[in-house]
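Structure file run-v7.cif; described as mmCIF, C-alpha atoms.
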data_entry
loop_
_atom_site.label_atom_id
_atom_site.label_comp_id
_atom_site.auth_asym_id
_atom_site.auth_seq_id
_atom_site.Cartn_x
_atom_site.Cartn_y
_atom_site.Cartn_z
CA MET A 208 -7.94 98.92 118.17
CA ASP A 209 -11.68 99.34 117.82
CA ASP A 210 -13.79 102.53 117.74
CA HIS A 211 -14.04 102.43 121.51
CA TYR A 212 -10.36 103.26 121.74
CA GLY A 213 -10.53 105.92 119.06
CA TRP A 214 -13.11 107.70 121.18
CA ASN A 215 -11.02 107.17 124.30
CA CYS A 216 -7.91 108.71 122.76
CA SER A 217 -9.69 111.81 121.49
CA LEU A 218 -9.41 115.13 123.32
CA LYS A 219 -12.49 116.55 121.58
CA PRO A 220 -15.23 115.05 123.79
CA GLN A 221 -13.48 116.31 126.93
CA ILE A 222 -13.20 119.88 125.61
CA LEU A 223 -16.76 119.77 124.27
CA GLY A 224 -18.08 118.45 127.60
CA PHE A 225 -16.20 121.20 129.45
CA VAL A 226 -17.62 123.99 127.27
CA ILE A 227 -21.19 122.63 127.41
CA SER A 228 -21.01 122.25 131.21
CA LEU A 229 -19.62 125.75 131.56
CA VAL A 230 -22.46 127.25 129.51
CA LEU A 231 -25.16 125.29 131.37
CA ILE A 232 -23.81 125.99 134.86
CA TYR A 233 -23.36 129.69 134.12
CA ALA A 234 -26.91 129.89 132.73
CA ALA A 235 -28.28 128.29 135.92
CA TYR A 236 -26.18 130.60 138.11
CA ARG A 237 -27.26 133.78 136.30
CA LEU A 238 -30.90 132.71 136.20
CA ASP A 239 -30.82 132.22 139.95
CA GLN A 240 -29.57 135.77 140.49
CA VAL A 241 -31.57 137.71 137.93
CA HIS A 242 -35.12 136.43 138.71
CA LEU A 243 -36.63 136.79 135.24
CA THR A 244 -39.86 134.93 135.99
CA ASN A 245 -41.76 133.40 138.88
CA PRO A 246 -39.93 131.08 141.33
CA SER A 247 -41.51 127.82 140.17
CA THR A 248 -40.45 128.40 136.55
CA ILE A 249 -36.90 129.19 137.68
CA LEU A 250 -36.89 126.10 139.88
CA PHE A 251 -38.01 123.94 136.97
CA THR A 252 -35.43 125.51 134.65
CA ILE A 253 -32.44 125.10 136.95
CA MET A 254 -33.41 121.47 137.67
CA THR A 255 -33.63 120.85 133.91
CA LEU A 256 -30.24 122.53 133.34
CA CYS A 257 -28.78 120.37 136.13
CA VAL A 258 -30.07 117.10 134.66
CA LEU A 259 -28.95 118.16 131.16
CA GLN A 260 -25.47 118.90 132.46
CA GLY A 261 -25.34 115.60 134.33
CA LEU A 262 -26.29 113.73 131.15
CA ALA A 263 -23.81 115.76 129.06
CA GLN A 264 -21.01 114.82 131.46
CA PHE A 265 -22.05 111.15 131.55
CA PHE A 266 -21.92 111.19 127.75
CA PHE A 267 -18.80 113.28 127.05
CA PHE A 268 -16.69 112.48 130.12
CA LEU A 269 -17.76 108.95 131.04
CA HIS A 270 -18.52 107.89 127.44
CA LEU A 271 -21.97 106.55 128.28
CA GLY A 272 -23.59 104.83 125.32
CA MET A 273 -20.41 104.88 123.20
CA GLU A 274 -19.62 101.21 123.89
CA GLN A 275 -20.26 98.41 121.42
CA THR A 276 -23.14 95.98 121.82
CA PRO A 277 -24.12 94.46 124.19
CA ARG A 278 -24.43 97.79 125.97
CA TRP A 279 -24.17 96.59 129.56
CA ASN A 280 -22.95 99.95 130.84
CA LEU A 281 -25.98 101.70 129.37
CA TYR A 282 -28.44 99.08 130.72
CA ALA A 283 -26.88 99.25 134.19
CA PHE A 284 -27.12 103.05 134.05
CA LEU A 285 -30.79 103.04 133.02
CA PHE A 286 -31.64 100.47 135.71
CA THR A 287 -29.88 102.58 138.36
CA THR A 288 -31.71 105.75 137.28
CA CYS A 289 -35.04 103.91 137.70
CA ILE A 290 -34.06 102.73 141.20
CA LEU A 291 -32.72 106.20 142.02
CA PHE A 292 -36.00 107.79 140.97
CA ILE A 293 -38.03 105.35 143.09
CA VAL A 294 -35.76 105.75 146.14
CA VAL A 295 -35.61 109.55 146.01
CA THR A 296 -39.27 110.29 145.30
CA GLY A 297 -40.34 107.49 147.67
CA THR A 298 -38.20 108.82 150.51
CA ILE A 299 -39.43 112.39 150.11
CA TRP A 300 -43.03 111.23 149.78
CA ILE A 301 -42.91 109.03 152.92
CA LEU A 302 -41.09 111.65 155.00
CA GLN A 303 -43.53 114.36 153.94
CA SER A 304 -46.60 112.32 154.74
CA LEU A 305 -45.13 111.32 158.13
CA ASP A 306 -44.35 114.97 158.82
CA HIS A 307 -47.84 116.01 157.79
CA ASN A 308 -49.67 113.33 159.80
CA LEU A 309 -47.55 113.13 162.94
CA MET A 310 -45.88 116.50 163.52
CA ARG A 311 -48.56 119.06 162.71
CA SER A 312 -51.34 117.83 164.98
CA MET B 212 -3.71 95.40 123.12
CA SER B 213 -4.08 91.63 122.95
CA SER B 214 -7.54 90.21 123.51
CA GLY B 215 -6.70 88.92 127.02
CA VAL B 216 -5.62 92.37 128.11
CA GLN B 217 -8.69 93.83 126.43
CA ASP B 218 -10.96 91.46 128.41
CA THR B 219 -9.34 92.42 131.71
CA TYR B 220 -9.63 96.09 130.81
CA ASP B 221 -13.31 95.83 129.87
CA ARG B 222 -14.14 93.90 133.03
CA ALA B 223 -12.32 96.41 135.25
CA VAL B 224 -14.07 99.35 133.59
CA PHE B 225 -17.47 97.66 133.89
CA GLY B 226 -16.84 96.86 137.57
CA THR B 227 -15.87 100.46 138.25
CA TRP B 228 -18.97 101.57 136.39
CA LEU B 229 -21.19 99.41 138.64
CA TYR B 230 -19.43 100.80 141.72
CA ILE B 231 -20.00 104.35 140.44
CA LEU B 232 -23.70 103.63 139.92
CA SER B 233 -24.05 102.20 143.45
CA ASP B 234 -22.34 105.32 144.80
CA PHE B 235 -24.80 107.40 142.77
CA LEU B 236 -27.64 105.59 144.55
CA PHE B 237 -25.97 106.24 147.91
CA PHE B 238 -25.70 109.98 147.19
CA GLY B 239 -29.33 109.89 146.01
CA THR B 240 -30.53 108.90 149.48
CA LEU B 241 -28.48 111.72 151.05
CA PHE B 242 -30.01 114.17 148.55
CA ALA B 243 -33.54 112.96 149.34
CA VAL B 244 -33.05 113.40 153.08
CA TYR B 245 -31.44 116.81 152.59
CA ALA B 246 -34.20 118.08 150.30
CA PHE B 247 -36.78 117.11 152.90
CA LEU B 248 -34.95 118.49 155.95
CA GLN B 249 -34.05 121.80 154.34
CA LYS B 250 -37.67 122.96 154.59
CA GLY B 251 -38.12 126.04 156.71
CA ASN B 252 -34.38 126.67 157.13
CA ASP B 253 -32.75 129.87 155.92
CA THR B 254 -29.52 128.84 154.23
CA ASN B 255 -28.36 132.37 153.39
CA LYS B 256 -26.60 132.71 156.73
CA LEU B 257 -24.67 129.49 156.07
CA PHE B 258 -22.98 129.99 152.72
CA SER B 259 -22.67 132.29 149.73
CA LEU B 260 -23.60 131.29 146.21
CA LYS B 261 -20.53 133.00 144.71
CA TYR B 262 -18.21 130.84 146.81
CA ALA B 263 -20.02 127.67 145.73
CA PHE B 264 -19.91 128.78 142.09
CA GLY B 265 -16.15 129.22 142.40
CA GLU B 266 -15.86 125.70 143.82
CA THR B 267 -17.95 124.40 140.90
CA LEU B 268 -15.66 125.99 138.29
CA ILE B 269 -12.53 124.61 139.97
CA LEU B 270 -13.89 121.06 140.17
CA LEU B 271 -15.16 121.21 136.58
CA SER B 272 -11.68 122.27 135.40
CA SER B 273 -10.13 119.46 137.44
CA SER B 274 -12.54 116.95 135.93
CA THR B 275 -11.70 118.13 132.40
CA ALA B 276 -7.95 118.01 133.12
CA ALA B 277 -8.35 114.41 134.30
CA GLY B 278 -10.32 113.66 131.13
CA LEU B 279 -7.55 115.09 128.93
CA ALA B 280 -4.98 113.11 130.92
CA GLY B 281 -7.10 110.00 130.30
CA ALA B 282 -6.99 110.62 126.54
CA TYR B 283 -3.19 111.04 126.61
CA LEU B 284 -3.01 107.90 128.76
CA HIS B 285 -4.62 105.85 125.99
CA ARG B 286 -2.09 107.31 123.54
CA LYS B 287 0.65 106.19 125.99
CA ASP B 288 1.96 109.75 126.09
CA ARG B 289 3.59 109.69 129.53
CA ARG B 290 4.62 113.34 129.72
CA ASN B 291 1.20 114.84 128.96
CA THR B 292 -0.56 112.23 131.11
CA LEU B 293 1.52 113.28 134.11
CA ILE B 294 1.11 117.00 133.40
CA TYR B 295 -2.69 116.85 133.13
CA PHE B 296 -3.16 114.49 136.08
CA PHE B 297 -0.93 116.82 138.11
CA LEU B 298 -3.13 119.75 137.07
CA ALA B 299 -6.22 117.74 138.04
CA TRP B 300 -4.64 116.96 141.42
CA ILE B 301 -3.78 120.61 142.17
CA LEU B 302 -7.28 121.81 141.23
CA GLY B 303 -8.84 118.92 143.16
CA ALA B 304 -6.78 119.73 146.24
CA GLY B 305 -7.83 123.37 145.93
CA PHE B 306 -11.46 122.31 145.71
CA ALA B 307 -11.14 120.03 148.77
CA ALA B 308 -9.53 122.89 150.73
CA LEU B 309 -12.38 125.27 149.80
CA GLU B 310 -15.02 122.65 150.62
CA PHE B 311 -13.64 121.89 154.08
CA LEU B 312 -12.90 125.57 154.82
CA ASN B 313 -16.57 126.22 154.11
CA LEU B 314 -17.61 123.48 156.57
CA PHE B 315 -15.20 124.75 159.25
CA SER B 316 -16.35 128.33 158.85
CA ILE B 317 -19.99 127.25 159.26
CA ALA B 318 -19.11 125.17 162.33
CA SER B 319 -17.06 128.03 163.84
CA ARG B 320 -20.12 130.29 163.65
CA ASN B 321 -21.84 127.82 165.96
CA TYR B 322 -23.95 126.15 163.27
CA THR B 323 -22.68 122.67 164.10
CA TRP B 324 -24.09 119.35 162.94
CA ASP B 325 -25.63 118.60 166.33
CA GLN B 326 -27.85 121.71 166.28
CA SER B 327 -30.59 120.49 163.98
CA ALA B 328 -31.55 117.68 161.60
CA PHE B 329 -31.07 120.11 158.71
CA LEU B 330 -27.46 120.86 159.69
CA SER B 331 -26.78 117.13 160.16
CA ALA B 332 -28.04 116.49 156.64
CA TYR B 333 -25.96 119.38 155.25
CA PHE B 334 -22.73 118.26 156.94
CA THR B 335 -23.34 114.62 155.95
CA LEU B 336 -23.96 115.43 152.29
CA ILE B 337 -21.09 117.90 151.83
CA GLY B 338 -18.76 115.94 154.14
CA THR B 339 -19.34 112.66 152.29
CA HIS B 340 -18.55 114.33 148.97
CA GLY B 341 -15.47 115.98 150.50
CA LEU B 342 -14.21 112.65 151.88
CA HIS B 343 -14.66 111.03 148.46
CA ILE B 344 -12.53 113.82 146.98
CA VAL B 345 -9.80 113.47 149.65
CA PHE B 346 -9.56 109.69 149.21
CA CYS B 347 -9.39 110.20 145.44
CA LEU B 348 -6.47 112.60 145.88
CA PHE B 349 -4.54 109.86 147.75
CA TRP B 350 -5.64 107.29 145.18
CA MET B 351 -4.30 109.51 142.38
CA ILE B 352 -0.87 109.85 144.02
CA VAL B 353 -0.58 106.07 144.50
CA LEU B 354 -1.49 105.37 140.86
CA LEU B 355 0.76 108.07 139.40
CA LEU B 356 3.93 107.12 141.31
CA PRO B 357 4.89 104.20 138.99
CA LEU B 358 4.65 106.49 135.95
CA PHE B 359 7.67 108.45 137.18
CA PHE B 360 9.80 105.32 136.82
CA THR B 361 8.42 103.29 133.91
CA GLN B 362 6.63 103.81 130.63
CA ILE B 363 2.83 103.46 130.65
CA ARG B 364 1.92 99.78 130.96
CA ASP B 365 -1.44 98.14 130.27
CA VAL B 366 -2.06 97.86 133.98
CA ASP B 367 -1.53 101.64 134.40
CA VAL B 368 -4.00 102.36 131.61
CA ARG B 369 -6.58 100.16 133.34
CA ARG B 370 -6.09 101.56 136.85
CA LEU B 371 -5.94 105.21 135.80
CA THR B 372 -9.00 104.83 133.55
CA CYS B 373 -10.98 103.48 136.52
CA PHE B 374 -9.72 106.37 138.61
CA ARG B 375 -10.50 108.96 135.91
CA MET B 376 -14.08 107.68 135.63
CA PHE B 377 -14.63 107.93 139.38
CA TRP B 378 -13.11 111.42 139.54
CA GLN B 379 -15.37 112.68 136.76
CA PHE B 380 -18.35 111.04 138.45
CA LEU B 381 -17.62 113.05 141.63
CA ASN B 382 -17.93 116.21 139.54
CA ILE B 383 -21.39 115.08 138.35
CA VAL B 384 -22.41 114.59 142.00
CA TRP B 385 -21.16 118.10 142.74
CA ILE B 386 -23.32 119.53 139.92
CA PHE B 387 -26.36 118.08 141.73
CA ILE B 388 -25.10 119.42 145.08
CA PHE B 389 -24.59 122.87 143.55
CA THR B 390 -28.12 122.90 142.13
CA ILE B 391 -30.06 121.27 144.96
CA VAL B 392 -28.17 122.68 147.94
CA TYR B 393 -26.78 126.01 146.76
CA LEU B 394 -28.86 127.34 143.85
CA MET B 395 -32.20 126.22 145.29
CA GLY B 396 -31.22 126.98 148.88
CA VAL B 397 -30.13 130.58 148.40
CA ASP B 398 -33.44 131.64 146.90
CA GLY B 399 -35.42 130.02 149.67
CA TYR B 400 -37.33 127.60 147.42
CA TYR B 401 -37.62 125.27 150.37
CA GLY B 402 -38.96 128.13 152.55
#

Represent the structure contained in this file as structure tokens.
Amino acid sequence: MDDHYGWNCSLKPQILGFVISLVLIYAAYRLDQVHLTNPSTILFTIMTLCVLQGLAQFFFFLHLGMEQTPRWNLYAFLFTTCILFIVVTGTIWILQSLDHNLMRS
Amino acid sequence: MSSGVQDTYDRAVFGTWLYILSDFLFFGTLFAVYAFLQKGNDTNKLFSLKYAFGETLILLSSSTAAGLAGAYLHRKDRRNTLIYFFLAWILGAGFAALEFLNLFSIASRNYTWDQSAFLSAYFTLIGTHGLHIVFCLFWMIVLLLPLFFTQIRDVDVRRLTCFRMFWQFLNIVWIFIFTIVYLMGVDGYYG
């Protein structure tokens, strides 16, 4: 059994991931209700909390980056995030410019 | 595990991982369309943030229970594996019920998917996630049935690990739904 399996058998990462997620999601939820600062700062903060929580769960729950070399899982993940970024920002950009140029005349 | 079994296990996990990433991309397109179409729509009349927060906590607990079951699975501890997967199933079923009740209650107030592009995007995004959850609940039952009769075999470890990964991935998707649809929608950031 290699280290990979040691990590797989351990309960600790699951509990740790649960607690971290709970803290982050509650922080985002409270922040959304309390309105400490201006909307754009809150927007930025809850998006950051969301991405942090996503990464925390990929790491603690799905064991991203814990594999041995060659790290195919990690490379595939990074490649997908690049594509995801291009697809999402590209879609929103194209739709917004279409909306602006064709619908508001 | 012998090295042959190890190879099969690694390949299965990697294949599941690639499938998960392609599903991530698929949800990404739904998110992009939703974020664009939400503009100018008041979502406060559709759903409450408290309700969605409750759903989030239930799914997070379910995801953790599945993770704990996965750890016991690798230790070949049949009793705890069954207990925690059962817990994950109950919580997951509760989440699916809440998610679809939410959709039905919105539709019953005459905000149906054919009313506007925004509502189409909302029903597609939430409905797709809900269907993933429902299929996973069936998948879990099918995979757990053999464990009632035999000890945990290598093939069970492989199948249930693939399932556990996908189940925990669905929780990550929900985190993004909770932030982009519910948290950002309720405050009218898209206004």

**Request:** With the file shown as input, list the residues that the PyMOL selection byres ((chain A) within 7 of (chain B)) selects, as a ChimeraX atom specification.
**Result:** /A:215-218,221,225,239,257,261,264,268-269,280,284,287,291,294-295,298-299

**Prompt:** Restricting the calculation to only C-alpha atoms, which member of B:Leu381, B:Val366, B:Val392, B:Ile269 is positioned closest to Ala308 in chain B?
**Reply:**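 Closest to Ala308 in chain B, using only C-alpha atoms: B:Ile269.
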
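In this structure, CA of Ala328 in chain B sits 26.5 Å away from CA of Phe346 in chain B.
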
**Asked** Which residues match the PyMOL selection byres ((chain A and resi 267) around 10) in the file above, as a list in words?
**Response**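 Expected selection for the PyMOL selection byres ((chain A and resi 267) around 10) here is Trp214, Lys219, Pro220, Gln221, Ile222, Leu223, Gly224, Phe225, Ile227, Leu262, Ala263, Gln264, Phe265, Phe266, Phe268, Leu269, His270, Leu271, Gly272 and Met273 of chain A; Gly278 of chain B.
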
**Request:** Work out how far CA of Leu355 in chain B is from CA of Arg369 in chain B, in Å to one decimal.
**Result:**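 Answer for the CA of Arg369 in chain B to CA of Leu355 in chain B separation: 12.4 Å.
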
**Asked** Quick one: which residues end up in the PyMOL selection byres ((chain B and resi 293) around 9) for this structure, as number ranges by chain?
**Response** B: 280, 284, 288-292, 294-298, 355, 358-359

Can you sort out the box for range 318-322 of chain B, edges along x, y and z, all listed atoms in, 3 Å on every side, with centre and edge lengths in Å to one decimal, as JSON?
{"center_x": -20.5, "center_y": 127.7, "center_z": 164.1, "size_x": 12.9, "size_y": 11.1, "size_z": 9.6}

**Message:** Would you compute the distance between CA of Thr254 in chain B and CA of Leu336 in chain B? Give it in Å to one decimal.
**Reply:** 14.6 Å

**Request:** Mind listing whatever residues come within 12 Å of the point (-35.7, 123.5, 135.1)? Use only C-alpha atoms, file coordinates, and give them as an NGL selection string.
**Result:** (:A and (231 or 234-235 or 238-239 or 246-260)) or (:B and (390-391 or 394-395))

Pull C-alpha atoms for range 246-312 of chain A from the block and write them as an mmCIF file, in the first residue's frame.
data_model
loop_
_atom_site.group_PDB
_atom_site.id
_atom_site.type_symbol
_atom_site.label_atom_id
_atom_site.label_comp_id
_atom_site.auth_asym_id
_atom_site.auth_seq_id
_atom_site.Cartn_x
_atom_site.Cartn_y
_atom_site.Cartn_z
ATOM 1 C CA PRO A 246 -22.188 45.737 -3.035
ATOM 2 C CA SER A 247 -19.182 45.275 -5.322
ATOM 3 C CA THR A 248 -16.882 44.417 -2.397
ATOM 4 C CA ILE A 249 -19.430 41.908 -1.079
ATOM 5 C CA LEU A 250 -19.813 40.434 -4.557
ATOM 6 C CA PHE A 251 -16.052 40.027 -4.871
ATOM 7 C CA THR A 252 -15.801 38.508 -1.384
ATOM 8 C CA ILE A 253 -18.552 35.924 -1.814
ATOM 9 C CA MET A 254 -17.130 34.883 -5.209
ATOM 10 C CA THR A 255 -13.702 34.468 -3.578
ATOM 11 C CA LEU A 256 -15.222 32.447 -0.706
ATOM 12 C CA CYS A 257 -17.027 30.279 -3.276
ATOM 13 C CA VAL A 258 -13.865 29.533 -5.279
ATOM 14 C CA LEU A 259 -11.901 28.879 -2.059
ATOM 15 C CA GLN A 260 -14.539 26.428 -0.902
ATOM 16 C CA GLY A 261 -14.597 24.709 -4.286
ATOM 17 C CA LEU A 262 -10.812 24.292 -4.159
ATOM 18 C CA ALA A 263 -10.928 23.116 -0.530
ATOM 19 C CA GLN A 264 -13.451 20.426 -1.472
ATOM 20 C CA PHE A 265 -11.464 19.373 -4.560
ATOM 21 C CA PHE A 266 -8.439 19.011 -2.285
ATOM 22 C CA PHE A 267 -9.938 17.423 0.848
ATOM 23 C CA PHE A 268 -12.828 15.436 -0.665
ATOM 24 C CA LEU A 269 -11.575 14.543 -4.138
ATOM 25 C CA HIS A 270 -7.888 14.364 -3.118
ATOM 26 C CA LEU A 271 -6.728 16.643 -5.933
ATOM 27 C CA GLY A 272 -2.950 16.885 -6.095
ATOM 28 C CA MET A 273 -2.386 14.069 -3.580
ATOM 29 C CA GLU A 274 -1.546 11.507 -6.285
ATOM 30 C CA GLN A 275 1.977 10.389 -7.117
ATOM 31 C CA THR A 276 3.795 11.579 -10.226
ATOM 32 C CA PRO A 277 2.916 11.768 -13.069
ATOM 33 C CA ARG A 278 0.048 13.927 -11.840
ATOM 34 C CA TRP A 279 -2.418 13.335 -14.656
ATOM 35 C CA ASN A 280 -5.434 14.168 -12.505
ATOM 36 C CA LEU A 281 -3.960 17.548 -11.616
ATOM 37 C CA TYR A 282 -2.977 18.350 -15.236
ATOM 38 C CA ALA A 283 -6.436 17.374 -16.498
ATOM 39 C CA PHE A 284 -7.985 19.566 -13.800
ATOM 40 C CA LEU A 285 -5.828 22.597 -14.671
ATOM 41 C CA PHE A 286 -6.540 22.152 -18.388
ATOM 42 C CA THR A 287 -10.288 21.970 -17.708
ATOM 43 C CA THR A 288 -10.213 25.112 -15.548
ATOM 44 C CA CYS A 289 -8.521 26.987 -18.426
ATOM 45 C CA ILE A 290 -11.185 25.795 -20.896
ATOM 46 C CA LEU A 291 -13.915 26.554 -18.354
ATOM 47 C CA PHE A 292 -12.619 30.090 -17.910
ATOM 48 C CA ILE A 293 -12.502 30.672 -21.689
ATOM 49 C CA VAL A 294 -15.972 29.189 -22.262
ATOM 50 C CA VAL A 295 -17.664 31.055 -19.408
ATOM 51 C CA THR A 296 -16.122 34.502 -19.920
ATOM 52 C CA GLY A 297 -16.382 34.096 -23.713
ATOM 53 C CA THR A 298 -20.074 33.198 -23.550
ATOM 54 C CA ILE A 299 -20.941 36.089 -21.255
ATOM 55 C CA TRP A 300 -18.855 38.503 -23.322
ATOM 56 C CA ILE A 301 -20.447 37.467 -26.656
ATOM 57 C CA LEU A 302 -23.992 37.463 -25.266
ATOM 58 C CA GLN A 303 -23.502 40.882 -23.676
ATOM 59 C CA SER A 304 -22.118 42.461 -26.814
ATOM 60 C CA LEU A 305 -24.946 40.939 -28.896
ATOM 61 C CA ASP A 306 -27.461 42.252 -26.379
ATOM 62 C CA HIS A 307 -25.859 45.688 -26.429
ATOM 63 C CA ASN A 308 -25.610 45.960 -30.222
ATOM 64 C CA LEU A 309 -28.831 44.297 -31.341
ATOM 65 C CA MET A 310 -31.440 44.700 -28.606
ATOM 66 C CA ARG A 311 -31.001 48.263 -27.364
ATOM 67 C CA SER A 312 -31.297 50.133 -30.659
#
